[in-house]
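J.: Please see the structure below; I have some questions.
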Amino acid sequence: MKILWLLLILTQFHHAHSASKGVTASLKAKWPQTPLLLETSEFICESGEEKFWPFVDTVRELAVYKHGESVRSYYNLIVKKAGQFLTDLQVSLLKLSLSLRAYSPTVHTFLQIASDEPPPEACSAFVSVHGQLTCSTKDMKKLLKTATGRPKPYLYKNDHKYPGANGTDLPVVILYAKIGTKKFNTFHKVLSERAEEGKLIYVLRHYVAEPKKQNILLSGYGVELAIKSTEYKAVDDTQVKDSKSSTTDEEDDTDEVQGFLFGKLKKSYPDLQGQLGDLRRHLLESTNDMAPLKVWELQDLSFQAAARIMSVPKFDSLKLMRDLSQNFPSRARSLTRVAVNQKMRKEIEENQKVESMGIHPGDSSLFINGIHIDLDLHNAFSILDIIRGEAKLLEGLHNLGIRGTSMSKFLRMPVTTVEESYALDIRHSAIMWINDIESDSTYRTWPSSLQELLRATFPGVIRQIRRNFFNLVLFFDPAQEESIELVKLAELFYKHKIPLRIGFVFVVNTEDKVNGFEDAGVAFFRLWNYIAEEYDVTQAFLSMMYNRVDVGDSLSVETVTAYLKKKFPKANTAKILGVESSYDDKRKAGAVFYRKSGLGALPVALFNGIPLSSEEMDPDELETILLQRIMDTTNFFQRAVFMGLDVVDFLMEQSNVVPRINPVILSPERRYLDFTASPGNNEDILHTLYKPEVSAAALLISNCFPAEEEMVYGVTIWIIADIEQAPGRQMLLNALKHMSSSSNSRVGVINNPGGTPSEDNSSLYKAIWASFLTQTSKNTLDFTLKLLKEDTVQLITHDTKIKDLLLQVMFVRGMDQDAFEKKFNTLEVDFLRSQQRFCQEVLKLKAGQRAVVSNGRILGPFTEDEEFSADDFHLLEKITLSTSAEKIKAKVKQMNLAPKNSDLIMKVDALLSAAPKGEARKDIKFVKDKHSVLHLAAREDEVFYDVVAIVDPLTRDAQKLAPLLSVLGQVVNMRVQVFMNCRAKLSEMPLKSFYRFVMEAEVSFLGNDTMSTGPVARFTEIPESPLLTLNMITPESWMVEAVRSPHDLDNIHLQEVSGVVNAEYELEYLLLEGHCFDMSSGQPPRGLQFTLGMKQDPLMQDTIVMANLGYFQLKANPGAWILRLRKGRSEDIYQIQVQKKPDKLNEDLLSEATESKGLWDSITSLTGSSSVEEGDKKKEDVLNIFSVASGHLYERFLRIMMLSVLRHTKTPVKFWFLKNYLSPSFKETIPHMAEAYGFQYELVQYKWPRWLHQQTEKQRIIWGHKILFLDVLFPLAVDKIIFVDADQIVRADLKELRELDLEGAPYGYTPFCDSRREMEGYRFWKTGYWASHLAHRKYHISALYVVDLKKFRKIAAGDRLRGQYQALSQDPNSLSNLDQDLPNNMIHQVAIKSLPQEWLWCETWCDDSSKPTAKTIDLCNNPKTKEPKLSAAVRIVPEWTSYDSEIKQLLKRVQEQKPELLKAFHCMLYCV
């Protein structure tokens, strides 16, 4: 019966099939298609440069197969070849990156660099040899002979440099070619061979001689159809020819509409496909009820959407969330009928109440493996980067045997970030403290309470508190010239009672036989001790004899003895300075402390234990630096929570305090071994070597006792050295010495012989190796310590038999001598060769070089005279343990993961420590999750991502998050939890737009195996009644523009469209943002101009620096660009660092008339004339008019406004239009209008800075551009600009307005009229906030204003307006009319000149009697009548119709000329 009923229904639709309406939007790149093979190579390169070249060799002639295969087969072949170097997970991520075209910009960068050479003609590949180009290998060899006489080329960070020699004297050859082609292979064979021979440096850059003409379609962005208010009819009545294209219905196999599963029905009844589609559309249209909901129907919509999502099968839930959020306006009414599960409501509210989770109703958050993904900041590309970074960690842990929930515990384990500055512990007896703030009577009047830190003081005042907060320790040799100024500075601080505790460490000659009559340093030390003992330390400090030393000289014995005799005439000089001196106590202590500290060259200063750099030690800078450190450290103490503690102990117990300073160990730049298996990686050698049966990656010697198998070591140290050489043996001895006093470390050794390993030159290492393979760990340790003694070494090198050696020197109790001797005599040298290969290919060491590896971290190589002492090993252990190893060890022991736990700790530490450090990962746990959390399980026994999403299903974030999770679920294995973070008691529609997120998991192909054109946003089954506006929601750094669409994208009304509205956008620019500060003053160089260009065209873009944060932005496409200061005052006053030139320190960029060339003058005017050329001429009298428009109706008004301006002035006019929102049709026709009426124009744009509070509504964004960026939109050469609203008619010469005296104000606005009395109730500015704020001043309208840009910039009006906007815009109820509310709000800070009333007449506010004198007429909206714009224009302005007709005739002529223009162009090409 059900089937019969269905068939009866379908017969109703048999003849009713109609073309579906909809909207499609696509986004193209500015650059052409880039080959997928090249993009794949860049993906692989990012996994490791060592994989790039093997991949290149694998695909060296792959393009040959392209001609015989389908596009799909060729794509599959590329992926298959890449799979040889990638894991399965990485292959999935490769497919996603190819779908996103994530590496297309990188490839295009190389193509752009090649075009800047420029390439020789008719060459599919070419080389550049120090600037000389050729297409043949034969000519290349000739050019190489003369290469050294020409300058070397500049190499970029992303250049692909062939592994091999790296000598500075070698010629550099850059190959521009497309990998996978025969021509590339020809060059590559020659160049790679020569690079391996050490004859040249070979660099590869991608080059495609004939790129495809079509540009690539992009993805990773959102498209919104927002429902517009129709309170005022603002739609153009001009008819547009409909598009004949169609769009496909969006339906899934599981798509259910009113109980019908259409996917299954179409499979069951394939012959009824058309009728089923029509029935589906009919059912959808019947549910797409757009009638407004009652207030009581709105309240529970969020919970009702969640209940609907939680009620369907789990595999459909994300699809349903996507559908409900992206099509909410048409789904809202159906949701009102959904009953809310009260258990779900209660559970949601309980989770929201947990303060530690910080979940507020309606908030959204995404966590991937605990990493917080801010959906406002991150996009598809940055999320791909995060997922790719996590893949290395996940696969690494998985390959180490850590699976399931154990994996997340390791990931979330806090790995301490590397400290930026380490401090030395200053609680040492060798430091002679000159003063003590806490106990000296000098400071007895100072308060000692820690609360004094919180007392308010004037900025820059140093608090005098009787605590040792600030400590300066000077290490110096008294006899050094550099010490004199430092000691004088310390004395200055002491005398001025700066709260600084000062300590000295004297580093003098430590030889006992040296006395004070032979060495100035020893003499100084003994005299110091004499004064300190006989008087006190302070007296010794103040009695220092440096005042007697002339500038440029150093302390001498004569100076010391003369001072002693003069100051202390009764003292016995011989007993103080001579051999029998009793004032020599602790002379060695300072030198020993200095040596153990590992500090650099003397003198050295420590502030609270932190060493100052050599630049900071400059006496001219040191005073300022120390005072600044005191101020900065005061803030640290204010934040610290410690009461009643010893201050110095508190300081010295911080995590950055170490017993020794060794830059090699403490450097933040760290390199780690990868212990996790990875295809195609040279480090596989490591895994071959580290097999348990040979243990050849490192010979581990540990101080294990009988329970050695149960010992777990947190630190594994490998000594990499040539053990046959003394420096290598000493390093191993130092490590073993450290190990004997530590229970946390085990030590291993890898031999890196200086020459080819042989039986003759490997005796020592063979002996150690034989011992390790045959003896207990304890015996091996004792044996090795004896073996490394120099007398034993001499015996071995003199061919003493091993048996004799054991008896004479090396006998260790309990040692199995027979087993040892047998193993020693049978060992071959193959294992040594494998270790040497490991050192060279994995550790990147040369033969014989020394290094240390600590839990996979590589330190070195060390120079021949560089020592790594036992103290250094102690510091290395401390740093390794405190950073991560201690936590990993505890976790491994707790989880009992593997029998060889020490190995696991080492490998996990290397893996986690090598990962980039970010914010701490969060472990999200819900109080209850049965009814409010959607759980999607991961596939078992595979690497999986742990994803937690917190989202209200009816928010903009849900519109983006649902499709994002769906796509990621197709790419990677995920365990997903989605918490329905609903809001209660809604009072308005939560979403007022339809939305599509454009992103696909993989490149898609058509049925004929050709690649699809690319991803497109498709809106089908959209209700036809609402008025819609199309918005592109793109990544922050993208600047896009509409380039093709006959329709009004600002006012889409599907009822008036018979087909599909197609919108084509283009990624015009990628935005480069930055901040610039003057190094001389620390202030932003306001008005400074930068230019951006290439070698062939050095001036392509320019920009001006704002005072707000020194912000600037530049627009460019992928490539290598040259940044310069603009010629003129910018270049005259500044240099690129940015710093004023010494002779220009007192000059201001904006203090006088600036050069005529400014921002945007580098762009050729779209009329065909170059504004750069014009700038070289005498400054013309040009009337600059600025306006904005969006939508066909306002562009129609704009043209009429322009015509009215031109009709009433004889002055040349230049129009400036905001480019961002102009339609393609306007941009297409404006050149013709400019030619017909003889005006100039320029399209300007400025991307809304990300630090400035964002607006989301298109209209408010346009309003913001009218007022917020006036100082940076126009060139400095433009003195005045007049803004005229698009819907205005001008009846006077605007030159008169330009010449009007603004009386010192930066801009002039017209006040609102008061004369039309019937509108009194609508004059909001006469009551409430505005009445009190304006204080009898007038409220001004923003439809017409004139700006003195020189004055505007000079008083930083733009910066002030942006600052006030930032403060007010956080409140959604403020600045409702942003473009006019903001200047009126700032009237007290940025003055407004009130223009005469006749400059703007508006029927809404002005009476009829004032109309005849009006100089402009504005078509203001009337809040009382709400009359449509078009009918108001015709009724109010008699001349409007004639202007409109004139413009229409012009546009008609342009349209008619189009075919002729095309025909003429075609003939130029083909009719010769």
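To be explicit about the labels: the chains of the structure tokens are called A, B, and onward in the order shown, and within each one the residues are counted from 1, while ligands get numbers from 1 in the order they are shown.
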Within 9 Å of Ala1286 in chain A, counting only C-alpha atoms, which residues show up once you throw out same-chain ones fewer than 6 positions away? Write them as an NGL selection string, please.

T.: :A and (1187-1189 or 1194-1202 or 1343 or 1418)

J.: Within range 352-497 of chain A, find each residue whose DSSP state, derived from the backbone, is strand (DSSP E or B), and express the selection as a list in words.

T.: Ser365, Leu366, Phe367, Ile368, Ile371, His372, Ile373, Ala423, Leu424, Met432, Trp433, Asn471, Leu472, Val473, Leu474, Phe475 and Phe476 of chain A

J.: What would the file look like if the residues just selected were written as a PDB file, in the first residue's frame with N, CA, C and O atoms?

T.:
```pdb
ATOM      1  N   SER A 365      34.396  26.056  21.215  1.00  0.00           N
ATOM      2  CA  SER A 365      35.824  25.720  21.327  1.00  0.00           C
ATOM      3  C   SER A 365      36.065  24.410  20.593  1.00  0.00           C
ATOM      4  O   SER A 365      35.196  23.547  20.546  1.00  0.00           O
ATOM      5  N   LEU A 366      37.265  24.310  20.043  1.00  0.00           N
ATOM      6  CA  LEU A 366      37.679  23.069  19.390  1.00  0.00           C
ATOM      7  C   LEU A 366      39.040  22.691  19.953  1.00  0.00           C
ATOM      8  O   LEU A 366      39.941  23.530  20.056  1.00  0.00           O
ATOM      9  N   PHE A 367      39.180  21.436  20.338  1.00  0.00           N
ATOM     10  CA  PHE A 367      40.444  20.930  20.870  1.00  0.00           C
ATOM     11  C   PHE A 367      40.856  19.699  20.070  1.00  0.00           C
ATOM     12  O   PHE A 367      40.073  18.757  19.936  1.00  0.00           O
ATOM     13  N   ILE A 368      42.066  19.725  19.529  1.00  0.00           N
ATOM     14  CA  ILE A 368      42.621  18.570  18.821  1.00  0.00           C
ATOM     15  C   ILE A 368      43.802  18.070  19.643  1.00  0.00           C
ATOM     16  O   ILE A 368      44.798  18.786  19.804  1.00  0.00           O
ATOM     17  N   ILE A 371      45.007  20.531  22.117  1.00  0.00           N
ATOM     18  CA  ILE A 371      45.442  21.844  21.623  1.00  0.00           C
ATOM     19  C   ILE A 371      44.204  22.669  21.306  1.00  0.00           C
ATOM     20  O   ILE A 371      43.331  22.237  20.538  1.00  0.00           O
ATOM     21  N   HIS A 372      44.125  23.863  21.875  1.00  0.00           N
ATOM     22  CA  HIS A 372      42.963  24.714  21.639  1.00  0.00           C
ATOM     23  C   HIS A 372      43.054  25.357  20.259  1.00  0.00           C
ATOM     24  O   HIS A 372      44.053  25.996  19.920  1.00  0.00           O
ATOM     25  N   ILE A 373      42.016  25.180  19.463  1.00  0.00           N
ATOM     26  CA  ILE A 373      41.944  25.760  18.122  1.00  0.00           C
ATOM     27  C   ILE A 373      40.929  26.898  18.172  1.00  0.00           C
ATOM     28  O   ILE A 373      39.724  26.659  18.245  1.00  0.00           O
ATOM     29  N   ALA A 423      69.949  31.312  34.914  1.00  0.00           N
ATOM     30  CA  ALA A 423      70.650  32.044  35.978  1.00  0.00           C
ATOM     31  C   ALA A 423      71.589  31.101  36.716  1.00  0.00           C
ATOM     32  O   ALA A 423      71.298  29.913  36.891  1.00  0.00           O
ATOM     33  N   LEU A 424      72.704  31.651  37.158  1.00  0.00           N
ATOM     34  CA  LEU A 424      73.681  30.896  37.950  1.00  0.00           C
ATOM     35  C   LEU A 424      73.347  31.090  39.424  1.00  0.00           C
ATOM     36  O   LEU A 424      72.980  32.182  39.851  1.00  0.00           O
ATOM     37  N   MET A 432      82.358  37.768  47.241  1.00  0.00           N
ATOM     38  CA  MET A 432      82.571  38.715  48.341  1.00  0.00           C
ATOM     39  C   MET A 432      81.514  39.808  48.231  1.00  0.00           C
ATOM     40  O   MET A 432      81.565  40.651  47.329  1.00  0.00           O
ATOM     41  N   TRP A 433      80.560  39.792  49.136  1.00  0.00           N
ATOM     42  CA  TRP A 433      79.450  40.752  49.084  1.00  0.00           C
ATOM     43  C   TRP A 433      79.898  42.069  49.706  1.00  0.00           C
ATOM     44  O   TRP A 433      80.353  42.118  50.844  1.00  0.00           O
ATOM     45  N   ASN A 471      70.449  41.787  42.858  1.00  0.00           N
ATOM     46  CA  ASN A 471      71.809  41.366  43.186  1.00  0.00           C
ATOM     47  C   ASN A 471      72.687  41.441  41.937  1.00  0.00           C
ATOM     48  O   ASN A 471      72.357  40.850  40.896  1.00  0.00           O
ATOM     49  N   LEU A 472      73.805  42.160  42.070  1.00  0.00           N
ATOM     50  CA  LEU A 472      74.764  42.276  40.978  1.00  0.00           C
ATOM     51  C   LEU A 472      76.065  41.606  41.398  1.00  0.00           C
ATOM     52  O   LEU A 472      76.654  41.967  42.423  1.00  0.00           O
ATOM     53  N   VAL A 473      76.498  40.621  40.614  1.00  0.00           N
ATOM     54  CA  VAL A 473      77.774  39.938  40.888  1.00  0.00           C
ATOM     55  C   VAL A 473      78.698  40.193  39.709  1.00  0.00           C
ATOM     56  O   VAL A 473      78.325  39.930  38.553  1.00  0.00           O
ATOM     57  N   LEU A 474      79.899  40.715  39.999  1.00  0.00           N
ATOM     58  CA  LEU A 474      80.886  40.990  38.958  1.00  0.00           C
ATOM     59  C   LEU A 474      82.038  39.998  39.069  1.00  0.00           C
ATOM     60  O   LEU A 474      82.696  39.910  40.120  1.00  0.00           O
ATOM     61  N   PHE A 475      82.282  39.226  38.011  1.00  0.00           N
ATOM     62  CA  PHE A 475      83.460  38.373  37.900  1.00  0.00           C
ATOM     63  C   PHE A 475      84.506  39.185  37.123  1.00  0.00           C
ATOM     64  O   PHE A 475      84.227  39.575  35.970  1.00  0.00           O
ATOM     65  N   PHE A 476      85.677  39.427  37.719  1.00  0.00           N
ATOM     66  CA  PHE A 476      86.668  40.190  36.957  1.00  0.00           C
ATOM     67  C   PHE A 476      88.069  39.918  37.476  1.00  0.00           C
ATOM     68  O   PHE A 476      88.274  39.490  38.619  1.00  0.00           O
TER      69      PHE A 476
END
```

J.: Rounded to one decimal in Å, what is the spacing between CA of Ser1374 in chain A and CA of Lys985 in chain A?

T.: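 Going from CA of Ser1374 in chain A over to CA of Lys985 in chain A covers 23.5 Å.
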
J.: Quick one: distance from CA of Thr955 in chain A to CA of Leu298 in chain A in Å, one decimal?

T.: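 Distance reported for this atom pair: 14.1 Å.
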
J.: Measuring between only C-alpha atoms, which one of A:Lys157, A:Lys294, A:Lys51, A:Lys1258 shows the shortest distance to Met1032 in chain A?

T.: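 The answer is A:Lys1258, which sits nearest to Met1032 in chain A.
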
J.: Could you give me, as a ChimeraX atom specification, the residues within 10 Å of Gln836 in chain A, counting only C-alpha atoms and dropping anything in the same chain fewer than 4 positions from it?

T.: /A:720,722,750-757,830-832,840-843,845-848

J.: Excluding same-chain residues fewer than 5 positions from Ala962 in chain A, what lies within 9 Å of it counting only C-alpha atoms, as a tab-separated table (two decimals) with C-alpha atoms, in the first residue's frame?

T.:
```
chain	number	residue	atom	x	y	z
A	318	LEU	CA	27.33	15.83	11.95
A	319	LYS	CA	25.51	15.97	8.62
A	320	LEU	CA	22.37	17.02	10.43
A	321	MET	CA	24.21	19.66	12.45
A	322	ARG	CA	25.65	21.01	9.22
A	323	ASP	CA	22.21	21.11	7.62
A	325	SER	CA	23.17	25.41	11.09
A	953	PRO	CA	24.47	24.01	17.09
A	957	ASP	CA	30.92	28.52	14.61
A	967	VAL	CA	35.94	16.50	6.17
```

J.: So that I can check the surroundings of range 185-201 of chain A, please list as a VMD selection string every protein, DNA and RNA residue that reaches within 12 Å of it, counting only C-alpha atoms and ignoring chain neighbours fewer than 5 positions away.

T.: chain A and resid 53 to 54 56 to 64 124 to 130 134 to 141 144 to 145 147 to 148 152 to 153 155 159 to 180

J.: Could you tell me which of A:Asp536, A:Glu482, A:Asp816, A:Glu390 comes closest to Ser614 in chain A if we count only C-alpha atoms?

T.: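 Looking at the shortest contact to Ser614 in chain A, the residue is A:Glu482.
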
J.: Contacts of Thr1413 in chain A at 10 Å or less, counting only C-alpha atoms, minus same-chain residues fewer than 4 places along, as a VMD selection string?

T.: chain A and resid 1291 to 1292 1397 to 1401 1409

J.: Pull C-alpha atoms from the residues just selected and write them as a JSON list (two decimals), in the first residue's frame.

T.:
```
[["chain", "number", "residue", "atom", "x", "y", "z"],
["A", 1291, "ARG", "CA", 24.14, 71.19, -7.57],
["A", 1292, "ALA", "CA", 27.22, 73.34, -6.88],
["A", 1397, "GLN", "CA", 23.49, 74.12, 6.10],
["A", 1398, "GLU", "CA", 22.99, 74.60, 2.35],
["A", 1399, "TRP", "CA", 25.78, 72.13, 1.66],
["A", 1400, "LEU", "CA", 23.43, 69.23, 2.41],
["A", 1401, "TRP", "CA", 19.67, 69.25, 1.99],
["A", 1409, "SER", "CA", 11.64, 76.31, 1.75]]
```

J.: When you look at Ser421 in chain A with a cut-off of 12 Å (counting only C-alpha atoms), what residues show up, excluding the ones that are within fewer than 3 positions of it in the same chain? I need them as a ChimeraX atom specification.

T.: /A:417-418,424,606-613,654-658,661-663,666-668

J.: Taking only C-alpha atoms into account, which of A:Ala1001, A:Cys839, A:Ile1022, A:Leu1203 comes nearest Trp1440 in chain A?

T.: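 Comparing A:Ala1001, A:Cys839, A:Ile1022, A:Leu1203 against Trp1440 in chain A, the winner is A:Leu1203.
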
J.: Mind pulling up the distance from CA of Thr559 in chain A to CA of Glu518 in chain A?

T.: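 That distance, rounded to one decimal, is 12.6 Å.
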